[in-house]
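J.: So that you have it, the file is model_8.csv, and it contains CSV, C-alpha atoms and all ligand atoms:
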chain,number,residue,atom,x,y,z
A,1,MET,CA,-18.7,19.9,27.6
A,2,SER,CA,-15.9,17.5,26.4
A,3,ILE,CA,-15.0,16.3,23.0
A,4,LEU,CA,-12.4,13.5,22.6
A,5,VAL,CA,-10.1,13.9,19.6
A,6,ARG,CA,-8.0,11.1,18.3
A,7,ILE,CA,-5.0,11.8,16.0
A,8,SER,CA,-4.0,9.1,13.5
A,9,PRO,CA,-0.8,7.1,14.0
A,10,LEU,CA,0.8,8.6,10.9
A,11,LEU,CA,-0.1,12.2,11.8
A,12,ARG,CA,1.1,11.9,15.3
A,13,SER,CA,4.4,10.3,14.1
A,14,LEU,CA,4.9,13.2,11.8
A,15,ALA,CA,3.9,15.9,14.2
A,16,ASN,CA,5.2,14.3,17.4
A,17,CYS,CA,2.0,14.6,19.4
A,18,GLN,CA,0.0,12.2,21.5
A,19,GLU,CA,-3.0,10.1,20.4
A,20,LEU,CA,-5.8,11.5,22.5
A,21,HIS,CA,-6.8,15.1,23.2
A,22,THR,CA,-9.7,16.7,24.9
A,23,VAL,CA,-11.3,19.8,23.5
A,24,SER,CA,-14.0,21.8,25.3
A,25,SER,CA,-16.2,22.9,22.3
A,26,GLY,CA,-16.4,23.8,18.7
A,27,SER,CA,-16.5,22.1,15.3
A,28,PRO,CA,-14.3,19.4,13.9
A,29,LEU,CA,-12.2,22.0,12.2
A,30,ASP,CA,-11.9,24.0,15.5
A,31,CYS,CA,-10.7,20.8,17.3
A,32,LEU,CA,-7.8,20.5,14.8
A,33,LEU,CA,-6.9,24.2,15.2
A,34,ASP,CA,-7.1,23.9,19.0
A,35,ILE,CA,-4.6,20.9,19.0
A,36,ALA,CA,-2.4,22.5,16.3
A,37,GLY,CA,-2.1,25.5,18.6
A,38,ASN,CA,-0.1,23.3,21.0
A,39,HIS,CA,1.5,21.2,18.3
A,40,PRO,CA,2.6,23.6,15.5
A,41,ALA,CA,4.2,20.7,13.5
A,42,LEU,CA,0.6,19.4,12.8
A,43,ARG,CA,-0.2,22.4,10.7
A,44,LYS,CA,2.5,21.5,8.1
A,45,TRP,CA,0.5,18.3,7.3
A,46,THR,CA,-3.0,19.7,7.6
A,47,HIS,CA,-3.0,23.3,6.3
A,48,ASP,CA,-1.4,25.1,3.4
A,49,LYS,CA,0.7,28.3,3.8
A,50,GLU,CA,-2.4,30.5,3.4
A,51,GLY,CA,-4.1,28.6,6.3
A,52,GLY,CA,-6.5,26.6,4.0
A,53,LEU,CA,-7.3,23.0,5.0
A,54,LEU,CA,-5.5,20.5,2.8
A,55,ARG,CA,-7.7,18.0,0.9
A,56,GLN,CA,-5.7,15.1,2.3
A,57,VAL,CA,-7.2,15.7,5.8
A,58,GLN,CA,-10.0,13.4,6.8
A,59,PHE,CA,-12.4,13.8,9.7
A,60,TYR,CA,-14.7,11.2,11.2
A,61,VAL,CA,-17.1,12.0,14.0
A,62,ASN,CA,-18.4,9.0,16.0
A,63,GLY,CA,-17.2,6.7,13.3
A,64,GLN,CA,-18.9,8.6,10.4
A,65,LYS,CA,-17.0,10.4,7.7
A,66,MET,CA,-17.5,14.1,7.6
A,67,GLU,CA,-17.9,15.9,4.3
A,68,ALA,CA,-16.4,19.3,3.7
A,69,GLU,CA,-19.6,21.1,4.4
A,70,GLU,CA,-19.9,19.4,7.8
A,71,LEU,CA,-16.6,20.5,9.2
A,72,GLU,CA,-17.7,23.7,10.7
A,73,ARG,CA,-20.8,22.2,12.4
A,74,PRO,CA,-20.7,22.5,16.2
A,75,LEU,CA,-20.0,19.2,18.0
A,76,LYS,CA,-22.0,17.8,21.0
A,77,ASP,CA,-20.8,16.8,24.4
A,78,GLY,CA,-19.3,13.3,24.2
A,79,ASP,CA,-18.6,13.4,20.5
A,80,GLU,CA,-15.5,11.6,19.3
A,81,VAL,CA,-13.5,13.1,16.5
A,82,PHE,CA,-10.8,11.1,14.5
A,83,ILE,CA,-8.4,13.1,12.4
A,84,LEU,CA,-6.4,11.4,9.7
A,85,LEU,CA,-4.5,12.0,6.5
A,86,GLY,CA,-5.4,10.2,3.2
A,87,ILE,CA,-2.6,7.7,2.7
A,88,SER,CA,-1.5,5.8,-0.4
A,89,GLY,CA,1.6,3.8,0.4
A,90,GLY,CA,1.8,0.1,-0.4
B,1,MET,CA,-11.3,-30.6,-10.2
B,2,ILE,CA,-9.8,-31.1,-6.8
B,3,ASP,CA,-7.3,-34.0,-6.9
B,4,ASN,CA,-5.6,-36.1,-4.1
B,5,GLN,CA,-2.7,-33.8,-3.8
B,6,ASP,CA,-5.1,-30.9,-3.3
B,7,LEU,CA,-6.9,-32.8,-0.6
B,8,THR,CA,-3.6,-33.1,1.3
B,9,ARG,CA,-2.3,-29.6,0.6
B,10,TYR,CA,-5.5,-27.8,1.5
B,11,ARG,CA,-6.9,-30.2,4.1
B,12,ARG,CA,-6.6,-27.9,7.2
B,13,GLN,CA,-8.3,-25.0,5.5
B,14,MET,CA,-11.0,-27.1,4.0
B,15,MET,CA,-11.9,-28.3,7.5
B,16,LEU,CA,-13.3,-24.8,8.1
B,17,PRO,CA,-17.2,-25.0,8.0
B,18,GLY,CA,-18.3,-23.5,4.7
B,19,TRP,CA,-15.0,-24.2,2.9
B,20,GLY,CA,-14.7,-27.9,2.0
B,21,PRO,CA,-13.8,-29.3,-1.4
B,22,GLU,CA,-16.5,-27.2,-3.0
B,23,GLY,CA,-15.0,-24.0,-1.7
B,24,GLN,CA,-11.5,-25.1,-2.7
B,25,GLU,CA,-12.7,-25.7,-6.2
B,26,ARG,CA,-14.1,-22.2,-6.3
B,27,LEU,CA,-10.7,-20.9,-5.3
B,28,LYS,CA,-9.1,-23.0,-8.0
B,29,GLN,CA,-11.4,-21.3,-10.6
B,30,ALA,CA,-10.9,-17.8,-9.1
B,31,ARG,CA,-9.0,-15.1,-11.1
B,32,VAL,CA,-7.3,-12.4,-9.1
B,33,VAL,CA,-5.0,-9.6,-10.3
B,34,ILE,CA,-2.6,-8.2,-7.7
B,35,ALA,CA,-1.7,-4.7,-8.7
B,36,GLY,CA,1.6,-3.9,-7.1
B,37,VAL,CA,4.1,-6.5,-5.9
B,38,GLY,CA,5.6,-4.5,-3.0
B,39,GLY,CA,4.8,-4.3,0.7
B,40,LEU,CA,1.1,-5.1,0.3
B,41,GLY,CA,1.4,-7.3,-2.8
B,42,SER,CA,4.0,-9.6,-1.1
B,43,PRO,CA,1.8,-11.1,1.7
B,44,VAL,CA,-1.3,-10.9,-0.6
B,45,GLY,CA,0.5,-12.9,-3.3
B,46,LEU,CA,2.0,-15.4,-0.8
B,47,TYR,CA,-1.2,-16.1,1.0
B,48,LEU,CA,-3.4,-16.3,-2.1
B,49,ALA,CA,-1.0,-18.7,-3.8
B,50,ALA,CA,-0.7,-20.8,-0.6
B,51,ALA,CA,-4.5,-20.9,-0.3
B,52,GLY,CA,-4.8,-22.1,-3.9
B,53,ILE,CA,-6.3,-19.2,-5.9
B,54,GLY,CA,-6.0,-20.8,-9.3
B,55,HIS,CA,-5.2,-17.8,-11.5
B,56,ILE,CA,-3.1,-15.0,-10.2
B,57,ARG,CA,-1.9,-12.1,-12.4
B,58,LEU,CA,0.8,-9.9,-11.0
B,59,LEU,CA,1.2,-6.3,-12.2
B,60,ASP,CA,4.2,-4.1,-11.4
B,61,GLY,CA,6.6,-2.1,-13.6
B,62,ASP,CA,9.5,-1.9,-11.1
B,63,LYS,CA,12.6,-3.8,-10.4
B,64,VAL,CA,13.6,-5.1,-7.0
B,65,GLU,CA,15.9,-2.8,-5.0
B,66,LEU,CA,17.8,-3.4,-1.7
B,67,SER,CA,15.7,-0.7,0.0
B,68,ASN,CA,12.5,-2.7,-0.8
B,69,LEU,CA,13.5,-5.8,1.2
B,70,HIS,CA,12.6,-4.7,4.7
B,71,ARG,CA,8.9,-4.9,3.7
B,72,GLN,CA,8.6,-6.6,0.3
B,73,ILE,CA,9.1,-10.1,1.6
B,74,VAL,CA,8.2,-12.0,-1.5
B,75,HIS,CA,11.6,-10.9,-2.9
B,76,SER,CA,15.1,-11.9,-1.7
B,77,MET,CA,18.7,-10.6,-2.1
B,78,CYS,CA,19.2,-12.7,-5.2
B,79,ASP,CA,16.3,-10.9,-6.9
B,80,ILE,CA,17.8,-7.4,-6.8
B,81,ASP,CA,17.6,-5.8,-10.2
B,82,ARG,CA,15.1,-8.4,-11.4
B,83,TRP,CA,11.6,-7.3,-12.4
B,84,LYS,CA,9.4,-7.6,-9.3
B,85,VAL,CA,6.7,-9.5,-11.2
B,86,GLU,CA,9.2,-12.2,-12.3
B,87,SER,CA,10.8,-12.5,-8.8
B,88,ALA,CA,7.4,-12.8,-7.2
B,89,ARG,CA,6.1,-15.2,-9.8
B,90,ASP,CA,9.0,-17.6,-9.2
B,91,ARG,CA,8.5,-17.4,-5.4
B,92,LEU,CA,4.7,-18.0,-5.7
B,93,GLN,CA,5.2,-20.9,-8.2
B,94,ALA,CA,7.8,-22.4,-5.9
B,95,LEU,CA,5.3,-22.3,-3.0
B,96,ASN,CA,2.5,-23.6,-5.1
B,97,PRO,CA,3.2,-25.1,-8.6
B,98,GLU,CA,-0.4,-26.2,-9.0
B,99,ILE,CA,-1.7,-22.7,-9.7
B,100,GLU,CA,-1.2,-20.4,-12.7
B,101,VAL,CA,0.8,-17.1,-12.1
B,102,GLU,CA,1.2,-14.5,-14.8
B,103,ALA,CA,3.8,-11.8,-14.6
B,104,LEU,CA,2.9,-8.5,-16.3
B,105,GLY,CA,5.7,-6.0,-16.0
B,106,SER,CA,3.9,-2.9,-17.3
B,107,MET,CA,3.3,0.4,-15.6
B,108,ILE,CA,-0.4,1.0,-15.3
B,109,THR,CA,-1.7,3.7,-17.6
B,110,ALA,CA,-5.2,4.9,-18.7
B,111,ASP,CA,-4.5,3.2,-22.0
B,112,ASN,CA,-3.6,-0.3,-20.8
B,113,VAL,CA,-5.5,-0.7,-17.5
B,114,PHE,CA,-8.6,-2.3,-18.9
B,115,ASP,CA,-6.5,-4.9,-20.8
B,116,LEU,CA,-4.3,-5.6,-17.8
B,117,VAL,CA,-7.2,-6.2,-15.4
B,118,GLY,CA,-9.5,-8.0,-17.8
B,119,ASP,CA,-12.4,-9.4,-15.6
B,120,TYR,CA,-10.2,-10.4,-12.7
B,121,ALA,CA,-11.0,-9.5,-9.1
B,122,ILE,CA,-8.7,-6.6,-8.2
B,123,VAL,CA,-6.3,-6.5,-5.2
B,124,ASP,CA,-5.2,-2.9,-4.8
B,125,ALA,CA,-1.6,-3.2,-3.5
B,126,MET,CA,-0.5,0.0,-5.2
B,127,ASP,CA,1.7,2.8,-3.8
B,128,ASN,CA,0.0,5.8,-5.4
B,129,LEU,CA,-3.5,7.2,-5.7
B,130,GLN,CA,-3.3,7.8,-9.4
B,131,ALA,CA,-2.9,4.1,-10.3
B,132,ARG,CA,-5.6,3.3,-7.7
B,133,GLN,CA,-8.0,5.6,-9.5
B,134,LEU,CA,-7.3,3.9,-12.8
B,135,LEU,CA,-7.9,0.4,-11.3
B,136,ASN,CA,-11.0,1.7,-9.6
B,137,ARG,CA,-12.3,2.9,-12.9
B,138,VAL,CA,-12.1,-0.6,-14.3
B,139,ALA,CA,-13.7,-2.1,-11.2
B,140,VAL,CA,-16.6,0.4,-11.4
B,141,LYS,CA,-17.1,0.1,-15.2
B,142,ARG,CA,-17.0,-3.7,-15.1
B,143,GLY,CA,-18.5,-4.3,-11.7
B,144,LEU,CA,-15.4,-6.1,-10.3
B,145,PRO,CA,-14.7,-6.6,-6.6
B,146,TYR,CA,-11.8,-4.4,-5.5
B,147,PHE,CA,-9.9,-5.0,-2.3
B,148,HIS,CA,-8.3,-1.8,-1.2
B,149,GLY,CA,-5.4,-1.4,1.2
B,150,ALA,CA,-3.0,1.5,1.9
B,151,VAL,CA,-0.2,2.0,4.5
B,152,TYR,CA,2.3,4.5,5.8
B,153,GLY,CA,4.4,4.3,9.0
B,154,MET,CA,2.5,2.2,11.5
B,155,GLU,CA,-0.9,3.0,10.0
B,156,GLY,CA,-2.9,1.0,7.6
B,157,ARG,CA,-6.4,1.1,5.9
B,158,ILE,CA,-8.4,-1.6,4.4
B,159,THR,CA,-11.9,-1.7,2.8
B,160,THR,CA,-13.7,-4.0,0.4
B,161,ILE,CA,-15.4,-2.3,-2.6
B,162,ILE,CA,-18.3,-3.9,-4.4
B,163,PRO,CA,-19.3,-1.4,-7.1
B,164,GLY,CA,-22.8,-0.2,-6.8
B,165,GLU,CA,-23.1,-1.4,-3.1
B,166,THR,CA,-20.2,0.4,-1.5
B,167,PRO,CA,-18.2,3.6,-2.0
B,168,CYS,CA,-15.4,3.4,-4.6
B,169,VAL,CA,-11.9,4.6,-4.2
B,170,SER,CA,-12.8,8.0,-5.6
B,171,CYS,CA,-15.6,8.3,-3.0
B,172,LEU,CA,-13.1,7.7,-0.3
B,173,TYR,CA,-10.1,9.9,-1.2
B,174,THR,CA,-10.0,13.5,-2.4
B,175,ASP,CA,-6.3,13.6,-1.9
B,176,VAL,CA,-3.5,11.8,-0.1
B,177,VAL,CA,-0.4,13.0,1.8
B,178,SER,CA,2.8,12.9,-0.4
B,179,GLY,CA,6.5,12.9,0.2
B,180,ASP,CA,9.1,10.4,1.3
B,181,LEU,CA,7.2,8.9,4.2
B,182,PRO,CA,8.1,6.1,6.5
B,183,VAL,CA,6.8,2.5,6.2
B,184,VAL,CA,7.4,-0.2,8.7
B,185,GLY,CA,7.5,-3.7,7.1
B,186,THR,CA,4.9,-5.2,9.5
B,187,THR,CA,2.3,-2.6,8.6
B,188,PRO,CA,1.8,-3.8,5.0
B,189,ALA,CA,2.1,-7.4,6.3
B,190,VAL,CA,-1.0,-6.8,8.6
B,191,ILE,CA,-3.0,-5.0,5.9
B,192,GLY,CA,-2.0,-7.4,3.1
B,193,CYS,CA,-3.0,-10.4,5.2
B,194,LEU,CA,-6.4,-8.8,5.8
B,195,GLN,CA,-6.8,-8.1,2.1
B,196,ALA,CA,-6.0,-11.7,1.3
B,197,THR,CA,-8.5,-12.8,4.0
B,198,GLU,CA,-11.2,-10.7,2.2
B,199,VAL,CA,-10.4,-12.2,-1.2
B,200,LEU,CA,-10.8,-15.7,0.2
B,201,LYS,CA,-14.0,-14.9,1.9
B,202,TYR,CA,-15.4,-13.2,-1.2
B,203,PHE,CA,-14.8,-16.3,-3.4
B,204,LEU,CA,-15.9,-18.7,-0.6
B,205,GLY,CA,-19.0,-16.7,0.4
B,206,LEU,CA,-17.8,-16.9,4.0
B,207,GLY,CA,-18.6,-14.5,6.8
B,208,ASP,CA,-19.2,-10.7,6.4
B,209,LEU,CA,-17.1,-8.7,4.0
B,210,LEU,CA,-15.6,-5.4,5.0
B,211,THR,CA,-18.0,-3.5,2.8
B,212,GLY,CA,-19.2,0.0,3.7
B,213,ARG,CA,-16.7,0.0,6.5
B,214,GLN,CA,-13.1,0.9,6.7
B,215,LEU,CA,-10.7,-0.6,9.2
B,216,ILE,CA,-7.9,1.6,10.4
B,217,TYR,CA,-4.9,-0.1,11.9
B,218,ASP,CA,-2.9,1.8,14.5
B,219,GLY,CA,0.3,-0.1,15.0
B,220,LEU,CA,1.6,2.5,17.5
B,221,ALA,CA,-1.3,2.0,20.0
B,222,LEU,CA,-2.0,-1.5,18.6
B,223,ARG,CA,-5.6,-0.9,18.0
B,224,PHE,CA,-8.0,-1.3,15.1
B,225,HIS,CA,-10.8,1.3,14.5
B,226,GLU,CA,-13.7,0.7,12.3
B,227,VAL,CA,-15.4,3.7,10.6
B,228,LYS,CA,-18.3,3.8,8.2
B,229,VAL,CA,-17.7,4.9,4.7
B,230,LYS,CA,-20.4,6.0,2.3
B,231,ARG,CA,-20.9,6.7,-1.4
B,232,ASP,CA,-20.3,10.2,-2.6
B,233,PRO,CA,-23.4,11.3,-4.6
B,234,LYS,CA,-21.0,13.6,-6.5
B,235,CYS,CA,-18.4,10.9,-7.2
B,236,LEU,CA,-17.1,11.3,-10.8
B,237,GLU,CA,-16.5,7.6,-11.1
B,238,CYS,CA,-19.4,5.8,-9.6
B,239,ALA,CA,-22.3,8.2,-9.1
B,240,SER,CA,-23.5,8.2,-12.7
B,241,LYS,CA,-22.9,4.4,-13.1
B,242,TYR,CA,-24.8,3.0,-10.1
B,243,SER,CA,-28.0,4.3,-8.5
B,244,PHE,CA,-28.0,4.9,-4.8
B,245,SER,CA,-30.5,2.0,-4.3
B,246,GLY,CA,-27.8,-0.4,-5.6
B,247,GLY,CA,-28.3,-1.3,-9.2
B,248,PRO,CA,-27.0,0.1,-12.5
B,249,VAL,CA,-28.4,3.5,-13.5
A,301,ZN,ZN,-17.4,6.6,-6.1
Translate this structure into structure tokens?
Ligand SMILES: [Zn+2]

T.:
Amino acid sequence: MSILVRISPLLRSLANCQELHTVSSGSPLDCLLDIAGNHPALRKWTHDKEGGLLRQVQFYVNGQKMEAEELERPLKDGDEVFILLGISGG
Amino acid sequence: MIDNQDLTRYRRQMMLPGWGPEGQERLKQARVVIAGVGGLGSPVGLYLAAAGIGHIRLLDGDKVELSNLHRQIVHSMCDIDRWKVESARDRLQALNPEIEVEALGSMITADNVFDLVGDYAIVDAMDNLQARQLLNRVAVKRGLPYFHGAVYGMEGRITTIIPGETPCVSCLYTDVVSGDLPVVGTTPAVIGCLQATEVLKYFLGLGDLLTGRQLIYDGLALRFHEVKVKRDPKCLECASKYSFSGGPV
């Protein structure tokens, strides 16, 4: 089983990680934690000090926005996850 | 009415099927407020003025600074310390004296936002979520089209909001990243040009608007991604105002 995870351009600039990652199983939230395990700088932008997910983090699975209650739902083989931060610059 | 000078000035764009003198007349009658005259507002203002949007209202409460000029290309060195709306108004009127450009140098607040916007189509070229939410409230209450763009670094987002049909700003964002974050000048240029494209299409009735979809610009990989966005049934701004079948509640 293989899940492709894409990290947004801003997030990968801030955390100095690459765009694409492959994760073997889990939920959208698990995917983020898996990648953050290898790229600790990610967590600063995605989690608070107590380990809670920041509300600025957005997840899309196969191009569909995931709501908070969907983030722990197991993904399927071939799913594509896109992890971004809400942005507001102009 | 379109005159001879308009026929010359706008000839190449009027050649596009579905545009013509009738479309140009619609642009001449159009009213657009550009909220924020910075990185996004610069290209939006320049291209909408150039295309002949007849009534442009500029909103911004800041003055031009040297650190703005790498991305806010409507302003120049000689504009430093001037109000952005006045600097931008002069540039847009120099480009196209045939249109009307208003410069409103107020900060957007909950008390003034309804008066500032009136019934104009809204281009969201702001730099913070709070002001976007105020503008969004006016769009939702008055049913005005709202052209959303946002940028940081080499990433941009754009979507077109039609209240009642599409998610609103509050459906899209629960929070945003904050801090002194990078912005590359070409990023708001890309997104601002796309916002201006959507405004023109909206008034001309051309093509398909970016509604219910969000385009994500990745300048690092040089790719665009399209994702679906949907209305939040718990949205505090739009859920009670519009039914989920489309019309007003
Ligand atoms: Zn909403």

J.: Measuring between only C-alpha atoms and all ligand atoms, which one of B:Leu222, B:Val183, B:Leu59, B:Val169 shows the shortest distance to ligand ZN 301 (chain A)?

T.: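 Closest candidate: B:Val169.
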
J.: Got a sec: who's within 12 Å of Arg91 in chain B, counting only C-alpha atoms, leaving out chain neighbours fewer than 2 positions off, as a list in words?

T.: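 Final neighbour list, sorted by chain and number: Val37, Ser42, Pro43, Gly45, Leu46, Tyr47, Ala49, Ala50, Ile73, Val74, His75, Ser76, Cys78, Asp79, Lys84, Val85, Glu86, Ser87, Ala88, Arg89, Gln93, Ala94, Leu95, Asn96, Pro97, Val101 and Ala103 of chain B.
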
J.: Taking only C-alpha atoms into account, what are the residues of chain B at most 10 Å from chain A, put as a ChimeraX atom specification?

T.: /B:36-42,71-72,124-130,132,149-157,172-178,181-183,187-188,191-192,213-214,216-222,225-230,232

J.: Neighbouring residues of ligand ZN 301 (chain A) are defined here as those with any atom at most 8 Å from a ligand atom, counting all atoms listed in the file; list them as a list in words.

T.: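 Taking all atoms listed in the file into account, the residues around ligand ZN 301 (chain A) at most 8 Å away are Pro167, Cys168, Val169, Ser170, Cys171, Leu172, Arg231, Asp232, Pro233, Lys234, Cys235, Leu236, Glu237, Cys238 and Ala239 of chain B.
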
J.: Quote the spacing between CA of Ile158 in chain B and CA of Val117 in chain B in Å to one decimal place.

T.: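 According to the coordinates, CA of Ile158 in chain B and CA of Val117 in chain B are separated by 20.4 Å.
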
J.: Provide the CA of Gly179 in chain B to CA of His21 in chain A distance in Å, to one decimal place.

T.: 26.7 Å

J.: Give me, please, the distance in Å between CA of Val123 in chain B and CA of Phe147 in chain B, quoted to one decimal.

T.: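 Atom-to-atom, CA of Val123 in chain B and CA of Phe147 in chain B are spaced 4.9 Å apart.
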
J.: Taking only C-alpha atoms into account, name the residue in B:Val184, B:Val64, B:Leu210, B:Ala35 that is nearest to Leu104 in chain B.

T.: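 With only C-alpha atoms as the atom set, the closest residue is B:Ala35.
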
J.: In terms of the shortest atom-to-atom distance over only C-alpha atoms, which of B:Leu144, B:Arg11, B:Val199, B:Leu58 is closest to Arg26 in chain B?

T.: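 Among B:Leu144, B:Arg11, B:Val199, B:Leu58, it is B:Val199 that comes nearest to Arg26 in chain B.
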
J.: Counting all atoms listed in the file, which residue out of A:Asp48, A:Phe59, A:Leu53, A:Ser27 sits closest to Arg73 in chain A?

T.: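 Of all the options, A:Ser27 lies closest to Arg73 in chain A.
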
J.: Assuming 6 Å of padding per side, give the centre and edge lengths of the axis-aligned box around every listed atom of range 17-21 of chain A, in Å to one decimal and as lines of an AutoDock Vina configuration file.

T.:
center_x = -2.4
center_y = 12.6
center_z = 21.3
size_x = 20.8
size_y = 17.0
size_z = 15.8

J.: In terms of the shortest atom-to-atom distance over all atoms listed in the file, which of B:Ser67, B:Gln24, B:Ser106, B:Asn4 is closest to Gly54 in chain B?

T.: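 Closest to Gly54 in chain B of all the choices is B:Gln24.
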
J.: Which residue is closest to Asp77 in chain A? Choose from A:Ala15, A:Leu32, A:Met1, A:Leu42 and count all atoms listed in the file.

T.: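 Smallest distance to Asp77 in chain A is found for A:Met1.
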
J.: In the coordinate frame of the file, compute which residues have an atom within 12 Å of (-5.3, 23.7, 14.8) when using all atoms listed in the file, and state them as a list in words.

T.: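 Here the neighbourhood of the point contains Val5, Ile7, Val23, Gly26, Ser27, Pro28, Leu29, Asp30, Cys31, Leu32, Leu33, Asp34, Ile35, Ala36, Gly37, Asn38, His39, Pro40, Ala41, Leu42, Arg43, Lys44, Trp45, Thr46, His47, Gly51, Gly52, Leu53 and Ile83 of chain A.
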
J.: Because the input lacks atoms here, generate all heavy atoms for range 36-42 of chain A and report them as a compact mmCIF listing (two decimals), in the frame of the given file.

T.:
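Output (out29.txt):
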# COMPACT_ATOMS: atom_id res chain seq x y z
N ALA A 36 -3.54 21.95 17.07
CA ALA A 36 -2.40 22.50 16.30
C ALA A 36 -1.78 23.69 17.06
O ALA A 36 -0.59 23.98 16.90
CB ALA A 36 -2.80 22.85 14.92
N GLY A 37 -2.60 24.39 17.86
CA GLY A 37 -2.10 25.50 18.60
C GLY A 37 -0.98 25.07 19.60
O GLY A 37 -0.01 25.80 19.84
N ASN A 38 -1.12 23.84 20.14
CA ASN A 38 -0.10 23.30 21.00
C ASN A 38 0.94 22.46 20.33
O ASN A 38 1.96 22.11 20.91
CB ASN A 38 -0.78 22.43 22.12
CG ASN A 38 -1.70 23.25 23.00
OD1 ASN A 38 -1.37 24.38 23.36
ND2 ASN A 38 -2.86 22.71 23.30
N HIS A 39 0.63 22.06 19.10
CA HIS A 39 1.50 21.20 18.30
C HIS A 39 1.68 21.81 16.93
O HIS A 39 1.07 21.33 15.98
CB HIS A 39 0.99 19.78 18.24
CG HIS A 39 0.79 19.13 19.56
ND1 HIS A 39 1.80 18.50 20.25
CD2 HIS A 39 -0.30 19.04 20.35
CE1 HIS A 39 1.34 18.04 21.39
NE2 HIS A 39 0.07 18.36 21.48
N PRO A 40 2.50 22.85 16.80
CA PRO A 40 2.60 23.60 15.50
C PRO A 40 2.99 22.69 14.35
O PRO A 40 2.62 22.96 13.22
CB PRO A 40 3.64 24.64 15.80
CG PRO A 40 3.77 24.74 17.29
CD PRO A 40 3.35 23.42 17.85
N ALA A 41 3.71 21.59 14.63
CA ALA A 41 4.20 20.70 13.50
C ALA A 41 2.97 20.07 12.81
O ALA A 41 3.08 19.67 11.64
CB ALA A 41 5.09 19.64 14.05
N LEU A 42 1.83 19.99 13.47
CA LEU A 42 0.60 19.40 12.80
C LEU A 42 0.22 20.19 11.60
O LEU A 42 -0.16 19.61 10.58
CB LEU A 42 -0.55 19.45 13.82
CG LEU A 42 -0.95 18.21 14.60
CD1 LEU A 42 -2.18 18.53 15.43
CD2 LEU A 42 -1.23 17.04 13.68
